[in-house]
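Structure data follow from model-v3.tsv (TSV, C-alpha atoms and all ligand atoms):
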chain	number	residue	atom	x	y	z
A	1	MET	CA	-24.61	-21.73	-11.78
A	2	THR	CA	-24.61	-19.26	-8.91
A	3	ILE	CA	-21.86	-18.15	-6.55
A	4	LYS	CA	-22.63	-16.77	-3.12
A	5	LYS	CA	-19.71	-14.91	-1.57
A	6	TYR	CA	-18.83	-12.17	0.85
A	7	GLY	CA	-16.71	-9.43	-0.69
A	8	LEU	CA	-15.76	-5.84	-1.31
A	9	VAL	CA	-16.23	-3.61	-4.36
A	10	ILE	CA	-12.70	-2.47	-5.26
A	11	ALA	CA	-13.54	-0.77	-8.56
A	12	GLU	CA	-16.64	0.30	-10.44
A	13	LYS	CA	-17.14	1.39	-14.01
A	14	SER	CA	-20.19	2.92	-15.55
A	15	TYR	CA	-21.66	0.92	-18.45
A	16	GLY	CA	-24.32	2.40	-20.70
A	17	GLU	CA	-27.06	4.50	-19.17
A	18	SER	CA	-27.86	2.55	-16.07
A	19	ASP	CA	-25.50	-0.41	-15.66
A	20	LYS	CA	-22.14	-0.91	-13.98
A	21	ILE	CA	-19.24	-3.28	-14.22
A	22	LEU	CA	-17.93	-3.98	-10.74
A	23	THR	CA	-14.61	-5.44	-9.75
A	24	LEU	CA	-15.15	-7.46	-6.59
A	25	LEU	CA	-12.66	-9.01	-4.24
A	26	LEU	CA	-14.48	-12.07	-2.93
A	27	LYS	CA	-13.68	-14.26	0.03
A	28	ASN	CA	-12.55	-17.75	-0.95
A	29	PHE	CA	-12.62	-16.76	-4.58
A	30	GLY	CA	-10.48	-13.71	-5.39
A	31	LYS	CA	-10.94	-10.91	-7.89
A	32	LEU	CA	-13.90	-11.02	-10.25
A	33	LYS	CA	-15.53	-8.65	-12.75
A	34	VAL	CA	-19.30	-8.67	-12.47
A	35	TYR	CA	-22.00	-7.04	-14.53
A	36	ALA	CA	-24.54	-5.18	-12.40
A	37	ARG	CA	-27.62	-4.41	-14.44
A	38	GLY	CA	-29.42	-1.20	-13.48
A	39	ALA	CA	-27.01	-0.53	-10.59
A	40	LYS	CA	-26.69	3.18	-11.39
A	41	LYS	CA	-30.39	3.77	-10.79
A	42	LEU	CA	-31.33	5.05	-7.35
A	43	SER	CA	-34.24	2.64	-7.32
A	44	SER	CA	-32.02	-0.36	-8.06
A	45	LYS	CA	-31.75	-3.12	-5.46
A	46	PHE	CA	-28.00	-3.09	-6.19
A	47	PHE	CA	-27.54	0.66	-5.77
A	48	ALA	CA	-25.97	0.67	-2.28
A	49	ALA	CA	-24.06	-2.59	-2.61
A	50	SER	CA	-22.56	-1.65	-5.96
A	51	GLN	CA	-20.73	1.44	-4.67
A	52	ILE	CA	-16.96	1.23	-4.43
A	53	PHE	CA	-15.78	0.50	-0.82
A	54	SER	CA	-19.00	-1.44	-0.07
A	55	CYS	CA	-18.90	-4.81	1.63
A	56	SER	CA	-21.73	-7.20	0.85
A	57	GLU	CA	-22.92	-10.74	0.55
A	58	PHE	CA	-23.13	-11.15	-3.22
A	59	VAL	CA	-25.06	-13.69	-5.23
A	60	ILE	CA	-23.58	-13.92	-8.71
A	61	SER	CA	-24.89	-15.85	-11.71
A	62	LYS	CA	-22.38	-17.45	-14.03
A	63	ASN	CA	-23.19	-18.06	-17.65
A	64	LYS	CA	-20.16	-19.34	-19.57
A	65	ASP	CA	-17.54	-16.66	-18.81
A	66	PHE	CA	-20.07	-13.97	-18.02
A	67	TYR	CA	-20.79	-13.10	-14.41
A	68	SER	CA	-23.77	-10.98	-13.42
A	69	LEU	CA	-25.03	-9.81	-10.10
A	70	SER	CA	-28.35	-11.33	-9.12
A	71	GLN	CA	-28.51	-10.32	-5.47
A	72	ALA	CA	-26.52	-8.20	-3.03
A	73	ASN	CA	-27.03	-7.67	0.68
A	74	LEU	CA	-25.06	-4.70	1.91
A	75	ILE	CA	-23.13	-5.35	5.13
A	76	GLU	CA	-20.99	-2.25	5.48
A	77	ASN	CA	-19.95	0.73	3.44
A	78	PHE	CA	-16.58	2.36	4.05
A	79	ALA	CA	-17.44	5.55	2.19
A	80	PRO	CA	-14.65	8.09	2.79
A	81	ARG	CA	-15.66	11.32	4.51
A	82	SER	CA	-13.13	13.70	3.00
A	83	TYR	CA	-11.22	14.23	-0.23
A	84	THR	CA	-7.99	13.02	1.40
A	85	GLU	CA	-9.64	9.87	2.71
A	86	PHE	CA	-11.18	9.26	-0.69
A	87	CYS	CA	-7.78	9.54	-2.41
A	88	TYR	CA	-6.18	7.05	-0.01
A	89	ALA	CA	-9.08	4.57	-0.12
A	90	THR	CA	-9.00	4.72	-3.93
A	91	TYR	CA	-5.24	4.19	-3.93
A	92	PHE	CA	-5.45	1.12	-1.65
A	93	CYS	CA	-8.18	-0.44	-3.78
A	94	GLU	CA	-6.41	0.37	-7.05
A	95	LEU	CA	-3.15	-1.15	-5.84
A	96	VAL	CA	-5.01	-4.37	-4.98
A	97	GLU	CA	-7.13	-4.30	-8.15
A	98	LYS	CA	-4.19	-3.83	-10.51
A	99	PHE	CA	-1.88	-6.29	-8.79
A	100	LEU	CA	-4.10	-9.32	-8.14
A	101	SER	CA	-4.94	-11.78	-10.86
A	102	PHE	CA	-8.49	-12.91	-11.48
A	103	GLN	CA	-10.03	-15.75	-9.49
A	104	SER	CA	-7.03	-16.41	-7.34
A	105	VAL	CA	-7.91	-16.56	-3.64
A	106	ALA	CA	-6.50	-13.57	-1.73
A	107	ASP	CA	-8.32	-13.63	1.59
A	108	ASN	CA	-5.43	-12.12	3.54
A	109	ILE	CA	-5.39	-9.14	1.16
A	110	LEU	CA	-9.18	-8.76	1.49
A	111	LEU	CA	-8.84	-8.79	5.27
A	112	LEU	CA	-6.03	-6.23	5.19
A	113	LEU	CA	-7.97	-3.95	2.85
A	114	ILE	CA	-11.12	-4.05	5.00
A	115	LYS	CA	-9.15	-3.32	8.17
A	116	ILE	CA	-7.40	-0.39	6.52
A	117	LEU	CA	-10.62	1.11	5.15
A	118	LYS	CA	-12.20	0.79	8.60
A	119	LEU	CA	-9.28	2.57	10.26
A	120	LEU	CA	-8.82	5.30	7.69
A	121	PRO	CA	-11.16	7.83	9.37
A	122	GLU	CA	-9.45	7.33	12.73
A	123	ILE	CA	-5.74	7.38	12.03
A	124	SER	CA	-3.37	9.60	10.04
A	125	PRO	CA	-3.56	8.42	6.42
A	126	VAL	CA	0.20	8.88	5.92
A	127	TYR	CA	0.77	6.43	8.77
A	128	ILE	CA	-1.87	3.92	7.72
A	129	ALA	CA	-0.71	4.06	4.07
A	130	ARG	CA	2.84	2.95	4.98
A	131	ILE	CA	1.47	0.04	6.98
A	132	PHE	CA	-0.80	-0.94	4.13
A	133	GLU	CA	1.93	-0.71	1.48
A	134	PHE	CA	4.53	-2.78	3.28
A	135	LYS	CA	2.00	-5.33	4.63
A	136	PHE	CA	0.54	-5.65	1.14
A	137	MET	CA	3.98	-6.22	-0.36
A	138	GLN	CA	4.87	-8.71	2.38
A	139	LEU	CA	1.66	-10.70	1.86
A	140	ASN	CA	2.51	-10.89	-1.84
A	141	GLY	CA	6.01	-12.20	-1.19
A	142	PHE	CA	7.98	-8.96	-1.48
A	143	GLU	CA	9.96	-8.64	1.72
A	144	PRO	CA	12.74	-6.04	1.86
A	145	GLN	CA	16.02	-6.74	3.65
A	146	ILE	CA	15.77	-4.62	6.83
A	147	ASN	CA	18.73	-5.76	8.92
A	148	PHE	CA	21.82	-5.15	6.78
A	149	CYS	CA	22.97	-4.40	3.23
A	150	HIS	CA	21.35	-6.96	0.93
A	151	ALA	CA	24.50	-7.21	-1.18
A	152	CYS	CA	27.39	-7.37	1.34
A	153	ASN	CA	25.63	-7.87	4.71
A	154	CYS	CA	27.26	-4.77	6.26
A	155	MET	CA	25.48	-2.15	8.35
A	156	LYS	CA	26.78	1.41	8.26
A	157	ASN	CA	25.64	4.69	9.79
A	158	LYS	CA	24.35	5.89	6.46
A	159	MET	CA	22.20	3.40	4.59
A	160	TYR	CA	20.10	3.50	1.42
A	161	PHE	CA	16.97	1.69	0.30
A	162	ASP	CA	16.24	0.11	-3.09
A	163	SER	CA	14.14	-2.65	-4.67
A	164	ASP	CA	15.60	-5.28	-2.28
A	165	GLY	CA	15.70	-3.17	0.88
A	166	LEU	CA	18.74	-1.89	2.74
A	167	VAL	CA	21.90	-1.27	0.73
A	168	CYS	CA	25.19	0.40	1.67
A	169	GLU	CA	26.89	3.18	-0.28
A	170	ASN	CA	29.47	0.79	-1.82
A	171	CYS	CA	26.88	-1.64	-3.15
A	172	LEU	CA	24.37	0.98	-4.24
A	173	ASP	CA	23.49	0.85	-7.94
A	174	ARG	CA	22.88	4.50	-8.80
A	175	THR	CA	21.37	3.64	-12.17
A	176	LYS	CA	18.37	2.14	-10.36
A	177	ILE	CA	15.72	3.82	-8.21
A	178	PHE	CA	16.83	4.32	-4.58
A	179	CYS	CA	16.62	6.73	-1.64
A	180	MET	CA	18.22	7.31	1.74
A	181	ILE	CA	16.66	5.72	4.79
A	182	LEU	CA	16.87	7.16	8.29
A	183	ASP	CA	17.17	5.01	11.42
A	184	SER	CA	13.80	6.20	12.67
A	185	ALA	CA	12.11	5.09	9.43
A	186	LEU	CA	13.86	1.76	9.64
A	187	ILE	CA	12.55	1.21	13.17
A	188	PHE	CA	9.01	1.90	11.94
A	189	LEU	CA	9.50	-0.41	8.96
A	190	ARG	CA	10.82	-3.24	11.16
A	191	ALA	CA	7.77	-2.82	13.39
A	192	ILE	CA	5.43	-3.00	10.38
A	193	LEU	CA	7.01	-6.16	9.02
A	194	SER	CA	7.44	-8.03	12.28
A	195	THR	CA	4.28	-7.08	14.14
A	196	LYS	CA	0.73	-8.16	13.70
A	197	PHE	CA	-1.42	-5.48	12.14
A	198	ASN	CA	-3.56	-4.87	15.25
A	199	GLU	CA	-0.54	-4.35	17.47
A	200	LEU	CA	0.79	-1.53	15.31
A	201	ILE	CA	-2.15	0.78	15.51
A	202	ASP	CA	-1.37	2.45	18.84
A	203	LYS	CA	2.19	3.29	17.91
A	204	THR	CA	3.33	6.85	17.47
A	205	GLU	CA	2.94	8.41	14.05
A	206	ILE	CA	6.16	10.31	14.26
A	207	PHE	CA	8.17	8.35	11.71
A	208	SER	CA	5.58	7.82	9.03
A	209	HIS	CA	6.75	10.73	6.84
A	210	GLU	CA	10.29	9.41	6.82
A	211	LEU	CA	9.07	6.15	5.34
A	212	ILE	CA	7.30	7.80	2.39
A	213	ALA	CA	10.34	7.75	0.07
A	214	PRO	CA	11.39	4.14	0.88
A	215	SER	CA	7.83	2.90	0.29
A	216	ARG	CA	7.67	4.67	-3.08
A	217	VAL	CA	11.02	3.22	-4.10
A	218	PHE	CA	10.10	-0.30	-2.99
A	219	ILE	CA	6.71	-0.39	-4.72
A	220	SER	CA	7.83	1.33	-7.95
A	221	ALA	CA	10.89	-0.91	-8.25
A	222	ASN	CA	9.02	-4.16	-7.64
A	223	LEU	CA	5.57	-3.66	-9.15
A	224	ASP	CA	5.17	-2.40	-12.65
A	225	LEU	CA	1.75	-0.85	-12.10
A	226	ASN	CA	0.44	2.29	-13.64
A	227	LEU	CA	-1.74	3.63	-10.83
A	228	ASN	CA	-4.02	6.57	-11.60
A	229	SER	CA	-4.50	7.32	-7.91
A	230	LYS	CA	-0.77	7.56	-7.20
A	231	LYS	CA	-0.39	11.16	-8.33
A	232	PHE	CA	-3.05	12.35	-5.85
A	233	ILE	CA	-1.29	10.57	-2.99
A	234	TYR	CA	2.05	12.04	-4.08
A	235	GLN	CA	0.47	15.51	-4.14
A	236	ILE	CA	-1.06	15.13	-0.68
A	237	GLU	CA	2.09	13.68	0.85
A	238	ASN	CA	4.44	16.22	-0.69
A	239	PHE	CA	2.47	19.01	0.96
A	240	SER	CA	1.41	17.35	4.18
A	241	ASP	CA	3.94	18.63	6.64
A	301	ZN	ZN	26.88	-3.39	0.83

File written out as structure tokens:
Amino acid sequence: MTIKKYGLVIAEKSYGESDKILTLLLKNFGKLKVYARGAKKLSSKFFAASQIFSCSEFVISKNKDFYSLSQANLIENFAPRSYTEFCYATYFCELVEKFLSFQSVADNILLLLIKILKLLPEISPVYIARIFEFKFMQLNGFEPQINFCHACNCMKNKMYFDSDGLVCENCLDRTKIFCMILDSALIFLRAILSTKFNELIDKTEIFSHELIAPSRVFISANLDLNLNSKKFIYQIENFSD
């Protein structure tokens, strides 16, 4: 049996001397691990299409539970042009790779990821990362409360942010992960969650740093993922002012 699908390489792992195991996010199909024989060789017909951040039309052979690449036509490669871009692109892909389950259609996530990788060279990564994180969470059913305290429905001058979104000082559970949230960050967050992705891009980048802590709290509290790429992003963002 063969599967022909459009998709993106979201992870790659070296296997033996010349082979690779690719994790693909395929349209109308979802996440899939595929064996790519000879893909590490420069002369391989899979060489370009088997690089992480590459978008291709893949033809995959299925034999029992084993999937192997039999053809790949490269459409676009979103290869990052700097170390910072590389760290962010890796982080976005790793978040998707670790969160999604196998063979469960996630076309909206694929679309989001491709858009983000396309925009990464053009827009501040700190800004684009916040949009990605909250849109990703929203698409997966994690929507923070952004209008009032999620426990008592009040709205005070000083508000905090935890796993469920806004929370007031009285309702705050200090044994759990939380942070403060400024009004400016909240305005940016409301725009992210209520606006279509394309409409956000021209907005000012001024509040993106203020949303770093709330995004970390929200993702860490809701997703139990051990991301290798996270520490690089934390390093970049802690020193990027
Ligand atoms: Zn409250």

Within 7 Å of ligand ZN 301 (chain A), counting only C-alpha atoms and all ligand atoms, which protein or nucleic acid residues do you find, written as a list in words?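 Within the 7 Å cut-off, the matching residues are Cys149, His150, Ala151, Cys152, Asn153, Cys154, Val167, Cys168, Glu169, Asn170 and Cys171 of chain A.
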
Which is closest to Ser194 in chain A among A:Asp224, A:Asp173, A:Glu210, A:Glu143, if we use only C-alpha atoms?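 For Ser194 in chain A, the nearest of the candidates is A:Glu143.
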
With all atoms listed in the file as the counted atoms, please give the residues lying no more than 12 Å from range 95-98 of chain A, apart from itself and same-chain residues fewer than 2 positions off, as a ChimeraX atom specification. /A:8-12,22-26,30-33,52,88-93,100-103,106-114,129,132-133,135-137,139-140,219-220,223-230

Pick from A:Lys27, A:Ala79, A:Lys62, A:Ser68: nearest to Phe46 in chain A, with all atoms listed in the file counted?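 Nearest candidate to Phe46 in chain A out of A:Lys27, A:Ala79, A:Lys62, A:Ser68: A:Ser68.
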
d(CA of Ile128 in chain A, CA of Asn28 in chain A) in Å: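 Between CA of Ile128 in chain A and CA of Asn28 in chain A the gap is 25.7 Å.
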
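For the set A:Phe207, A:Lys158, A:Ala213, A:Glu199, the residue with the smallest atom-to-atom gap to Cys179 in chain A is A:Ala213, counting only C-alpha atoms.
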
Do you have the CA of His209 in chain A-CA of Ile146 in chain A distance handy?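 Result for CA of His209 in chain A versus CA of Ile146 in chain A: 17.8 Å, one decimal.
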
What gap, in Å, lies between CA of Val34 in chain A and CA of Ile116 in chain A?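 Separation between CA of Val34 in chain A and CA of Ile116 in chain A: 23.9 Å.
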
If we count all atoms listed in the file, what is near Phe47 in chain A at a cut-off of 10 Å, once residues fewer than 3 positions away on the same chain are taken out, given as a list of chain:residue names? A:Lys20, A:Ala36, A:Gly38, A:Ala39, A:Lys40, A:Lys41, A:Leu42, A:Ser43, A:Ser44, A:Ser50, A:Gln51, A:Ala72, A:Leu74

Got time to write the residues from that selection, C-alpha atoms, as a short mmCIF file (atom, residue, chain, number, x, y, z; two decimals), in the frame of the given file?
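Saved file out-v5.cif follows:
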data_model
loop_
_atom_site.label_atom_id
_atom_site.label_comp_id
_atom_site.auth_asym_id
_atom_site.auth_seq_id
_atom_site.Cartn_x
_atom_site.Cartn_y
_atom_site.Cartn_z
CA LYS A 20 -22.14 -0.91 -13.98
CA ALA A 36 -24.54 -5.18 -12.40
CA GLY A 38 -29.42 -1.20 -13.48
CA ALA A 39 -27.01 -0.53 -10.59
CA LYS A 40 -26.69 3.18 -11.39
CA LYS A 41 -30.39 3.77 -10.79
CA LEU A 42 -31.33 5.05 -7.35
CA SER A 43 -34.24 2.64 -7.32
CA SER A 44 -32.02 -0.36 -8.06
CA SER A 50 -22.56 -1.65 -5.96
CA GLN A 51 -20.73 1.44 -4.67
CA ALA A 72 -26.52 -8.20 -3.03
CA LEU A 74 -25.06 -4.70 1.91
#

Proximity to Leu193 in chain A - best of A:Ile60, A:Thr175, A:Asn147, A:Met180, all atoms listed in the file: A:Asn147
